[in-house]
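Quick notes on the structure that follows.
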There are 2 protein chains.
Amino acid sequence: MRGDLHLLTAVEAVGHILDGRLTSEALVQACLDRIGGDEIHAWACLDPDQALDQARELDRIRKRGRATGPLHGIPVALKDIIDTKSMPTERGSPIFAGRRPEADAEIVDRLREAGAVILGKTKTTEMAFVHPTDTLNPHDPLRSPGGSSSGSAAAVAACHVPLAIGSQTGGSVIRPASYCGLYGFKPTRGVISRAGVLQTSASLDHLGTFARTLEDTALLTEAIGSYDPADPASFARPRPRTLMGARAEPPVDPDIAFFEFPFHDLLDADARDGIEAVIDALGPRVERLPVADTLTGLVEVHLTIHEYEFVHHLEETITRHWDLLSPTLQPVVERGQRISEAQYQDALGVRDSAKAFFAKHFDDFDAILAPSATGEPPLIDSGSTGDPVFCRIWSLTGLPSLTLPLLVGETGLPVGVQLIGGAEEDDRLFRTAAWMQRTLQDAA
Amino acid sequence: MRGDLHLLTAVEAVGHILDGRLTSEALVQACLDRIGGDEIHAWACLDPDQALDQARELDRIRKRGRATGPLHGIPVALKDIIDTKSMPTERGSPIFAGRRPEADAEIVDRLREAGAVILGKTKTTEMAFVHPTDTLNPHDPLRSPGGSSSGSAAAVAACHVPLAIGSQTGGSVIRPASYCGLYGFKPTRGVISRAGVLQTSASLDHLGTFARTLEDTALLTEAIGSYDPADPASFARPRPRTLMGARAEPPVDPDIAFFEFPFHDLLDADARDGIEAVIDALGPRVERLPVADTLTGLVEVHLTIHEYEFVHHLEETITRHWDLLSPTLQPVVERGQRISEAQYQDALGVRDSAKAFFAKHFDDFDAILAPSATGEPPLIDSGSTGDPVFCRIWSLTGLPSLTLPLLVGETGLPVGVQLIGGAEEDDRLFRTAAWMQRTLQDAA
């Protein structure tokens with residue numbers, strides 16, 4: 001096996017590894033070579049010796065005919081808010097510089113059981129919130145890769161690694177995936193355990209996945225879901241088989257809903273044209289739905305819960321280390337501190353209504369179509385990782401959300417298209433996404 | 001779907017449930033009907049309402065097209081040393097009467113994730129050691145079902161439930177499975193997490209599985225293995241896919257080793273004849289190997305570790321509740337208390353040598369053939385659950401061990417045949433077992 005191993009998809013690579021045509025060691029070495037000096041600043045911690053040791057061990061297991069896993073020998077990057085015993089976990093903040101967790105997060109256990117190689121930790125915005133990293137967008141070094149899972153998205157887009165884990169509380173998986181031209185997936189709340197991951201908002205935090213193909217995204221997601229009572233959101237039921245979903249044909253052509261949210265005014269012209277072109281191409285499969293007044297406040301409701309929970313979960317850290325918070329984060333914290341308990345409880349109540357409202361649409365529709373971001377990635381000079389407005393409602397309602405890199409903006413940079421599915425129907429969402437992708441390719 | 005639903009195998013039943021021809025509710029109700037008044041005393045706790053609620057929930061999940069698991073809607077029995085939050089866990093001892101654990105054992109989480117219905121808790125000998133339960137062998141009410149997983153084996157043999165979990169420290173899965181005419185499997189040490197299960201011997205305790213077919217045993221085992229750092233024996237690698245193994249064809253006919261252990265003198269004449277008939281039928285595939293003197297002491301080494309660790313792990317319980325220990329257990333405890341730290345350390349050293357000795361045989365052999373028990377199940381009047389002598393070495397070395405109900409003793413009662421595999425090669429062991437079963441059927 002020769003050639004540009006770092007370009008292999010995970011599905012391809014694991015096939016070659018199990019067939020004996022490729023070693024995990026060669027794959028990991030190719031990824032390390034590709035990373036080189038990490039000019040795009042994607043990595044918070046990289047331990048080549050440790051990764052190569054894992055790879056050689058997984059190669060020995062395969063050669064001896066012992067059990068292999070769905071990610072056997074595949075390198076994976078972890079956002080640096082996910083605890084790892086063997087590497088520091090610094091959460092993008094000087095407050096946690098040198099922090100060494102005593103235990104791996106549940107998701108790390110699941111990755112090891114799946115045979116993955118933990119390649120390293122990727123840069124996160126400060127405590128997975130607003131203050132940017134120094135990570136560059138691999139498509140244009142003047143642009144942001146998005147946040148908060150900046151390093152995870154950039155590393156996969158730069159072909160440093162085929163797969164990465166990120167997290168989303170507002171739009172931190174879907175938005176950077178859109179900006180970096182990737183598939184990004186935030187599963188139904190409760191599919192993946194968050195135990196051992198920095199808690200920024202118990203109600204809104206989700207783990208999610210990045211890859212360069214739809215099947216790879218589905219493969220990684222399926223490998224890491226688990227029921228874990230240590231995460232109160234985790235449910236004691238079977239996990240959706242997303243890879244099977246990505247490979248399935250829908251029994252009939254799917255029906256897709258498109259809500260005309262007022263915040264669609266925030267779309268750049270090219271993104272607006274792009275999503276309209278998708279709707280046109282899908283023709284009668286898409287139904288435009290009006291948006292009731294009660295729905296327009298959901299973005300604000302999300303923000304209230306996010307900021308309120310952030311300051312309450314992290315109160316001790318914030319109080320003790322105020323001077324170590326960035327000037328970007330401090331005003332956000334102050335805003336959160338002004339939110340009253342009553343406002344927060346009201347917001348949770350509206351959240352529950354919103355969940356019920358959207359849930360009933362999945363009796364008639366397979367998915368909701370939406371923009372992933374306002375358009376092309378923002379300039380780094382803007383100081384922002386971009387606006388998560390198109391993701392907030394789906395983080396709020398806990399529905400599975402997938403972005404596909406289907407559009408190109410006016411300067412040639414990627415623009416994603418988002419599909420949202422019914423709760424615990426992540427497999428159906430992947431099936432619908434694969435259908436949509438095929439349909440748009442045929443139409444092109 | 002009509003008929004004797006309680007006779008369905010788990011593989012059959014889950015197929016029917018996913019196809020929509022059978023509901024979990026109907027299956028669970030059929031099992032509850034079959035259990036009736038539990039004349040064989042297999043159950044320590046049965047909660048029909050709770051089980052039917054679980055079944056209906058799993059039926060709703062299937063009808064709504066949500067994710068299903070490999071054991072979707074299948075009732076499973078748990079030995080009563082496995083902690084369950086929703087049912088008492090009394091460990092077969094009055095010391096723990098009414099005990100309600102605060103959390104489920106890891107294996108219970110895995111069962112729920114697989115879609116299983118927790119039907120109830122099955123009777124265990126006192127703290128999974130020597131003192132019998134009142135459970136009757138379903139094949140002959142004058143006979144013991146074996147121990148310590150007495151209720152799990154009896155419940156599956158009586159078709160109360162297709163699948164059960166037990167545990168083995170000496171021979172507590174293989175022996176009762178042999179006596180009850182079942183398949184029983186003790187996986188490689190570390191495949192299934194023991195977190196949340198009564199610890200009687202950290203070095204020797206294993207969880208294991210019971211079923212009425214080889215495939216069912218493999219299905220259940222595959223669904224419950226997990227990497228869990230809470231169990232120090234658990235390994236951070238992929239789990240063997242036992243169901244795939246049970247369905248696979250070996251690339252060439254397997255090679256099988258048979259050790260002439262001196263304790264084979266303990267075999268009843270019918271069991272001796274039976275195992276010789278198996279060896280004859282397999283012909284040149286079986287090689288008889290001499291036993292070095294150093295190996296003959298391994299049974300004693302196992303006993304030393306078991307009794308020493310039992311009294312040390314449970315010291316507080318034993319001291320505080322001495323009068324609540326059975327007269328059967330008290331002398332065993334006193335023997336354990338007389339074992340010195342040096343004797344124990346010596347035993348651990350011999351254990352390590354034995355592991356290394358057997359490990360190298362799996363370069364040349366696919367499996368080791370051995371008796372599962374001394375013969376037919378003992379009479380209840382003997383006061384014993386039978387001699388685990390043929391299982392001790394494999395509990396000591398942590399190797400995967402499988403018993404198949406291939407023989408019939410002189411009074412028509414079942415006698416098992418044991419196959420032992422290489423560490424973490426549980427899938428290869430199932431493949432060899434399926435081959436052996438086919439070969440013996442063809443020879444018959």
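Starting from 1 in every chain, residues are counted up; chains themselves are A, B, ... following the order of the structure tokens, and ligands are numbered from 1 as listed.
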
Give me the residues within 7 Å of range 90-104 of chain B as a PyMOL selection string, counting only C-alpha atoms and dropping any in the same chain fewer than 3 places off. chain B and resi 80-81+83-85+87+108-109+123-127+196+321+324

Closest atom pairs, residues of chain B within 10 Å of chain A, only C-alpha atoms, as JSON lines:
{"residue": "B:Glu57", "atom": "CA", "partner": "A:Arg237", "partner_atom": "CA", "distance": 9.7}
{"residue": "B:Leu58", "atom": "CA", "partner": "A:Arg237", "partner_atom": "CA", "distance": 8.4}
{"residue": "B:Ile61", "atom": "CA", "partner": "A:Arg237", "partner_atom": "CA", "distance": 9.0}
{"residue": "B:Arg64", "atom": "CA", "partner": "A:Glu425", "partner_atom": "CA", "distance": 9.5}
{"residue": "B:Gly65", "atom": "CA", "partner": "A:Glu425", "partner_atom": "CA", "distance": 7.9}
{"residue": "B:Arg66", "atom": "CA", "partner": "A:Glu425", "partner_atom": "CA", "distance": 5.9}
{"residue": "B:Ala67", "atom": "CA", "partner": "A:Pro240", "partner_atom": "CA", "distance": 4.5}
{"residue": "B:Thr68", "atom": "CA", "partner": "A:Pro238", "partner_atom": "CA", "distance": 5.5}
{"residue": "B:Gly69", "atom": "CA", "partner": "A:Pro238", "partner_atom": "CA", "distance": 5.0}
{"residue": "B:Pro70", "atom": "CA", "partner": "A:Pro238", "partner_atom": "CA", "distance": 8.5}
{"residue": "B:Leu71", "atom": "CA", "partner": "A:Pro238", "partner_atom": "CA", "distance": 9.4}
{"residue": "B:His72", "atom": "CA", "partner": "A:Pro238", "partner_atom": "CA", "distance": 8.2}
{"residue": "B:Ala103", "atom": "CA", "partner": "A:Pro229", "partner_atom": "CA", "distance": 8.7}
{"residue": "B:Asp104", "atom": "CA", "partner": "A:Pro229", "partner_atom": "CA", "distance": 8.8}
{"residue": "B:Glu106", "atom": "CA", "partner": "A:Asp228", "partner_atom": "CA", "distance": 8.9}
{"residue": "B:Val108", "atom": "CA", "partner": "A:Ala236", "partner_atom": "CA", "distance": 9.8}
{"residue": "B:Asp109", "atom": "CA", "partner": "A:Tyr227", "partner_atom": "CA", "distance": 6.5}
{"residue": "B:Arg110", "atom": "CA", "partner": "A:Tyr227", "partner_atom": "CA", "distance": 7.4}
{"residue": "B:Leu111", "atom": "CA", "partner": "A:Ala236", "partner_atom": "CA", "distance": 9.1}
{"residue": "B:Arg112", "atom": "CA", "partner": "A:Ala236", "partner_atom": "CA", "distance": 5.6}
{"residue": "B:Glu113", "atom": "CA", "partner": "A:Pro238", "partner_atom": "CA", "distance": 4.5}
{"residue": "B:Ala114", "atom": "CA", "partner": "A:Pro238", "partner_atom": "CA", "distance": 5.4}
{"residue": "B:Gly115", "atom": "CA", "partner": "A:Pro238", "partner_atom": "CA", "distance": 5.7}
{"residue": "B:Ala116", "atom": "CA", "partner": "A:Arg237", "partner_atom": "CA", "distance": 9.0}
{"residue": "B:Gly225", "atom": "CA", "partner": "A:Glu113", "partner_atom": "CA", "distance": 9.8}
{"residue": "B:Ser226", "atom": "CA", "partner": "A:Glu113", "partner_atom": "CA", "distance": 7.2}
{"residue": "B:Tyr227", "atom": "CA", "partner": "A:Glu113", "partner_atom": "CA", "distance": 5.9}
{"residue": "B:Asp228", "atom": "CA", "partner": "A:Asp109", "partner_atom": "CA", "distance": 7.2}
{"residue": "B:Pro229", "atom": "CA", "partner": "A:Asp109", "partner_atom": "CA", "distance": 7.9}
{"residue": "B:Phe235", "atom": "CA", "partner": "A:Glu113", "partner_atom": "CA", "distance": 8.4}
{"residue": "B:Ala236", "atom": "CA", "partner": "A:Arg112", "partner_atom": "CA", "distance": 5.5}
{"residue": "B:Arg237", "atom": "CA", "partner": "A:Glu113", "partner_atom": "CA", "distance": 4.7}
{"residue": "B:Pro238", "atom": "CA", "partner": "A:Glu113", "partner_atom": "CA", "distance": 4.5}
{"residue": "B:Arg239", "atom": "CA", "partner": "A:Ala67", "partner_atom": "CA", "distance": 5.8}
{"residue": "B:Pro240", "atom": "CA", "partner": "A:Ala67", "partner_atom": "CA", "distance": 4.5}
{"residue": "B:Arg241", "atom": "CA", "partner": "A:Ala67", "partner_atom": "CA", "distance": 6.8}
{"residue": "B:Thr242", "atom": "CA", "partner": "A:Ala67", "partner_atom": "CA", "distance": 9.5}
{"residue": "B:Asp363", "atom": "CA", "partner": "A:Arg64", "partner_atom": "CA", "distance": 9.6}
{"residue": "B:Gly422", "atom": "CA", "partner": "A:Arg66", "partner_atom": "CA", "distance": 9.7}
{"residue": "B:Ala423", "atom": "CA", "partner": "A:Arg66", "partner_atom": "CA", "distance": 9.0}
{"residue": "B:Glu424", "atom": "CA", "partner": "A:Arg66", "partner_atom": "CA", "distance": 6.5}
{"residue": "B:Glu425", "atom": "CA", "partner": "A:Arg66", "partner_atom": "CA", "distance": 5.9}
{"residue": "B:Asp426", "atom": "CA", "partner": "A:Ala67", "partner_atom": "CA", "distance": 8.7}
{"residue": "B:Asp427", "atom": "CA", "partner": "A:Ala67", "partner_atom": "CA", "distance": 7.7}
{"residue": "B:Arg428", "atom": "CA", "partner": "A:Arg66", "partner_atom": "CA", "distance": 8.5}

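A straight line drawn from CA of Arg212 in chain B to CA of Gln168 in chain B is 18.3 Å long.
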
If you run DSSP on the backbone, which residues of range 7-83 of chain A are alpha helix (DSSP H), as a ChimeraX atom specification? /A:10-19,24-35,48-63

Shortest interatomic distance to Ile318 in chain A - which of A:Gln330, A:Pro145, A:Ile279, A:Ala105, counting only C-alpha atoms: A:Gln330

Just list the residues in range 309-430 of chain B DSSP gives strand (DSSP E or B) on the backbone, as a list in words. Ala367, Ile368, Leu369, Ala370, Pro371, Leu379, Ser401, Leu402, Thr403, Leu404, Pro405, Leu406, Leu407, Val408, Pro414, Val415, Gly416, Val417, Gln418, Leu419 and Ile420 of chain B

Limited to C-alpha atoms, could you put the picked residues into a file as a tab-separated table (two decimals), in the first residue's frame?
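What landed in result.tsv:
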chain	number	residue	atom	x	y	z
B	367	ALA	CA	-8.78	-25.40	21.24
B	368	ILE	CA	-8.27	-27.70	24.19
B	369	LEU	CA	-10.90	-30.40	24.68
B	370	ALA	CA	-11.86	-31.34	28.24
B	371	PRO	CA	-14.73	-32.72	30.28
B	379	LEU	CA	-28.33	-35.82	43.67
B	401	SER	CA	-14.29	-21.88	28.08
B	402	LEU	CA	-17.40	-23.18	26.42
B	403	THR	CA	-19.48	-26.22	27.30
B	404	LEU	CA	-21.64	-27.95	24.70
B	405	PRO	CA	-24.45	-30.37	25.68
B	406	LEU	CA	-23.23	-33.21	23.49
B	407	LEU	CA	-23.42	-36.30	25.72
B	408	VAL	CA	-26.04	-38.23	27.63
B	414	PRO	CA	-27.05	-34.37	30.13
B	415	VAL	CA	-23.27	-34.35	30.20
B	416	GLY	CA	-21.33	-31.48	28.63
B	417	VAL	CA	-18.10	-31.36	26.67
B	418	GLN	CA	-15.79	-28.42	27.23
B	419	LEU	CA	-13.65	-26.52	24.74
B	420	ILE	CA	-11.06	-23.99	25.89

Quick one: everything within 12 Å of Val332 in chain A, counting only C-alpha atoms, minus sequence neighbours fewer than 3 positions away in the same chain. Send it as a PDB file with N, CA and C atoms, in the first residue's frame.
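And here's part.pdb as it stands now:
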ATOM      1  N   PHE A 129     -16.192  28.142  24.389  1.00  0.00           N
ATOM      2  CA  PHE A 129     -17.153  29.239  24.217  1.00  0.00           C
ATOM      3  C   PHE A 129     -16.652  30.205  23.139  1.00  0.00           C
ATOM      4  N   VAL A 130     -16.601  31.488  23.410  1.00  0.00           N
ATOM      5  CA  VAL A 130     -16.477  32.466  22.318  1.00  0.00           C
ATOM      6  C   VAL A 130     -15.066  32.845  21.869  1.00  0.00           C
ATOM      7  N   HIS A 131     -14.087  32.799  22.755  1.00  0.00           N
ATOM      8  CA  HIS A 131     -12.780  33.371  22.411  1.00  0.00           C
ATOM      9  C   HIS A 131     -11.996  32.454  21.469  1.00  0.00           C
ATOM     10  N   LEU A 303     -29.827  31.123  23.943  1.00  0.00           N
ATOM     11  CA  LEU A 303     -28.745  31.945  24.486  1.00  0.00           C
ATOM     12  C   LEU A 303     -28.899  32.113  26.000  1.00  0.00           C
ATOM     13  N   THR A 304     -30.131  32.290  26.439  1.00  0.00           N
ATOM     14  CA  THR A 304     -30.391  32.453  27.872  1.00  0.00           C
ATOM     15  C   THR A 304     -29.938  31.203  28.650  1.00  0.00           C
ATOM     16  N   HIS A 306     -27.860  28.855  27.643  1.00  0.00           N
ATOM     17  CA  HIS A 306     -26.418  28.649  27.497  1.00  0.00           C
ATOM     18  C   HIS A 306     -25.636  29.542  28.465  1.00  0.00           C
ATOM     19  N   GLU A 307     -25.918  30.813  28.452  1.00  0.00           N
ATOM     20  CA  GLU A 307     -25.137  31.723  29.288  1.00  0.00           C
ATOM     21  C   GLU A 307     -25.422  31.517  30.775  1.00  0.00           C
ATOM     22  N   TYR A 308     -26.684  31.241  31.092  1.00  0.00           N
ATOM     23  CA  TYR A 308     -27.032  31.017  32.503  1.00  0.00           C
ATOM     24  C   TYR A 308     -26.322  29.771  33.033  1.00  0.00           C
ATOM     25  N   GLU A 309     -26.414  28.672  32.291  1.00  0.00           N
ATOM     26  CA  GLU A 309     -25.794  27.434  32.778  1.00  0.00           C
ATOM     27  C   GLU A 309     -24.267  27.547  32.802  1.00  0.00           C
ATOM     28  N   PHE A 310     -23.701  28.235  31.809  1.00  0.00           N
ATOM     29  CA  PHE A 310     -22.244  28.383  31.781  1.00  0.00           C
ATOM     30  C   PHE A 310     -21.744  29.044  33.066  1.00  0.00           C
ATOM     31  N   VAL A 311     -22.352  30.134  33.458  1.00  0.00           N
ATOM     32  CA  VAL A 311     -21.846  30.835  34.650  1.00  0.00           C
ATOM     33  C   VAL A 311     -22.151  30.045  35.930  1.00  0.00           C
ATOM     34  N   ILE A 318     -14.746  30.620  37.399  1.00  0.00           N
ATOM     35  CA  ILE A 318     -14.874  32.015  36.962  1.00  0.00           C
ATOM     36  C   ILE A 318     -14.495  32.968  38.089  1.00  0.00           C
ATOM     37  N   LEU A 325      -9.620  34.909  32.523  1.00  0.00           N
ATOM     38  CA  LEU A 325     -10.620  34.831  31.449  1.00  0.00           C
ATOM     39  C   LEU A 325     -10.272  35.860  30.379  1.00  0.00           C
ATOM     40  N   SER A 326     -10.532  35.515  29.134  1.00  0.00           N
ATOM     41  CA  SER A 326     -10.230  36.452  28.047  1.00  0.00           C
ATOM     42  C   SER A 326     -11.178  37.638  28.109  1.00  0.00           C
ATOM     43  N   PRO A 327     -10.759  38.766  27.541  1.00  0.00           N
ATOM     44  CA  PRO A 327     -11.666  39.924  27.458  1.00  0.00           C
ATOM     45  C   PRO A 327     -12.877  39.639  26.569  1.00  0.00           C
ATOM     46  N   THR A 328     -12.797  38.593  25.776  1.00  0.00           N
ATOM     47  CA  THR A 328     -13.974  38.211  24.980  1.00  0.00           C
ATOM     48  C   THR A 328     -15.003  37.506  25.855  1.00  0.00           C
ATOM     49  N   LEU A 329     -14.506  36.672  26.770  1.00  0.00           N
ATOM     50  CA  LEU A 329     -15.421  35.867  27.575  1.00  0.00           C
ATOM     51  C   LEU A 329     -16.030  36.669  28.726  1.00  0.00           C
ATOM     52  N   ARG A 335     -23.002  38.952  31.330  1.00  0.00           N
ATOM     53  CA  ARG A 335     -24.374  38.878  30.828  1.00  0.00           C
ATOM     54  C   ARG A 335     -25.101  37.679  31.454  1.00  0.00           C
ATOM     55  N   GLY A 336     -24.393  36.550  31.509  1.00  0.00           N
ATOM     56  CA  GLY A 336     -24.987  35.346  32.099  1.00  0.00           C
ATOM     57  C   GLY A 336     -25.337  35.556  33.566  1.00  0.00           C
ATOM     58  N   GLN A 337     -24.505  36.302  34.267  1.00  0.00           N
ATOM     59  CA  GLN A 337     -24.755  36.531  35.689  1.00  0.00           C
ATOM     60  C   GLN A 337     -25.992  37.386  35.925  1.00  0.00           C
ATOM     61  N   ARG A 338     -26.377  38.149  34.902  1.00  0.00           N
ATOM     62  CA  ARG A 338     -27.556  39.003  35.066  1.00  0.00           C
ATOM     63  C   ARG A 338     -28.864  38.278  34.746  1.00  0.00           C
ATOM     64  N   ILE A 339     -28.739  37.039  34.223  1.00  0.00           N
ATOM     65  CA  ILE A 339     -29.963  36.286  33.905  1.00  0.00           C
ATOM     66  C   ILE A 339     -30.547  35.730  35.205  1.00  0.00           C
TER      67      ILE A 339
END

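Between CA of Ala434 in chain A and CA of Pro251 in chain A the interatomic distance comes to 13.0 Å.
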
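Reported to one decimal place, the separation of CA of Arg21 in chain B from CA of Ala153 in chain B is 28.4 Å.
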